[in-house]
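Visitor: Here's a structure for you.
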Amino acid sequence: MPHGGTAPPRPGYLLRQYSCSLGSDSIGASRHREAGRYGAGRIRAVTPQADKTFISPDATALARHLAQDLAHHIQVQAERRSDETPVEIAIAGGFVATHVLPALGEEGQGVDWSKVRFWWCDERFVPAGHPDRNDEEARRHLLDHLDGVRFIPMPSDEGQGLPTACVEFTEQWKTLMATRSLDVVVLGMGPDGHIASLFPGMYSPEESQAIVSVEDSPKPPPQRLSLSMPVILAAQRIYLAAAGEAKSEILGQAFTTDVDIRDCPVAALRQRSDCRWYLDEASASQL
Ligand SMILES: O=C1O[C@H](COP(=O)(O)O)[C@@H](O)[C@H](O)[C@H]1O
């Protein structure tokens, strides 16, 4: 890159707008603090999704707020469903599992969980029961305490190898989801901007497969399975939770207009203007 110049954008991977048809959100944004509103009447237009960006004072409040909104949405969806077409929800590990899911258990007491089926946004390819597994954490924090709930874990390492696990799980996904998209995706985000197990410089925004394998994740453990970006972006509703100062810099970049989504996976979510961003004061400090 010449001195003083800026790198030309790589074609095709800057922000695009995905079209999607969604019902209106019955949870009003009015009880939330708008993103970018700092001080008396000063509004910084940091994002085209300002009315879907909710900033809580801290991580605990963020998790509670997201859990309330999620519980409401799941309850409304579940009331419309039969047993054959459950509400399909994919959840992340990390903060989502440890903070949001316990709060969802408390907030979701009116939900008929037998009408809900959980998937994972991504999973660490280690043996079943391993403490690094995202499904273990989610079961402990929520799923094992819900009556009648269904869930479909991503494969664990039983000696079959990651490529085989990916092929087999892709078949299972196609059997159940070929003609449907996920109803809800609840994502976390790493300080490098990864979502699910889609890491900067290591994923294809236009992946043709629903499920992708990762052999060398920069964050341990190295072997993982993940929903692909097109599957995530096709979900009926997308929630993103990110708390803490360590995530502020990448969020600041993600909300700029010239970000390249290959280098900043979380920025790809901006292609969905209805994505709901749940941040805390610390993570939102550089918006
Ligand atoms: O490794 C992972 O990291 C991300 C982010 O985790 P967080 O603890 O910083 O929220 C998580 O969303 C993903 O599911 C997980 O496998």
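Order determines the names: the first chain of the structure tokens is A, the second B, and so forth; residues in each chain are numbered 1 upward, and ligands are numbered 1 upward as they are shown.
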Quick one: residues within 10 Å of ligand 1, with only C-alpha atoms and all ligand atoms, as a PyMOL selection string?
Guide: chain A and resi 91-99+120-124+132-135+186-199+217-222+224-226+240-244+246-247
Visitor: Enumerate as JSON, numbers by chain all residues of range 136-268 of chain A assigned to alpha helix (DSSP H) by DSSP on the backbone, naming them with the chain letters and numbers the document uses.
Guide: {"A": [136, 137, 138, 139, 140, 141, 162, 163, 164, 165, 166, 167, 168, 169, 170, 171, 172, 173, 174, 175, 176, 177, 229, 230, 231, 232, 233, 248, 249, 250, 251, 252, 253, 254]}
Visitor: How many Å lie between CA of Leu104 in chain A and CA of Ala67 in chain A, rounded to one decimal?
Guide: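 These two atoms are separated by 4.6 Å.
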Visitor: Tell me, which residues of range 53-254 of chain A carry DSSP strand (DSSP E), written as a ChimeraX atom specification?
Guide: /A:53-56,87-91,116-120,122-124,150-151,184-187,211-214,224-227,237-242
Visitor: At what distance in Å, to one decimal, does CA of Thr175 in chain A lie from CA of Val212 in chain A?
Guide: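 That distance, rounded to one decimal, is 16.7 Å.
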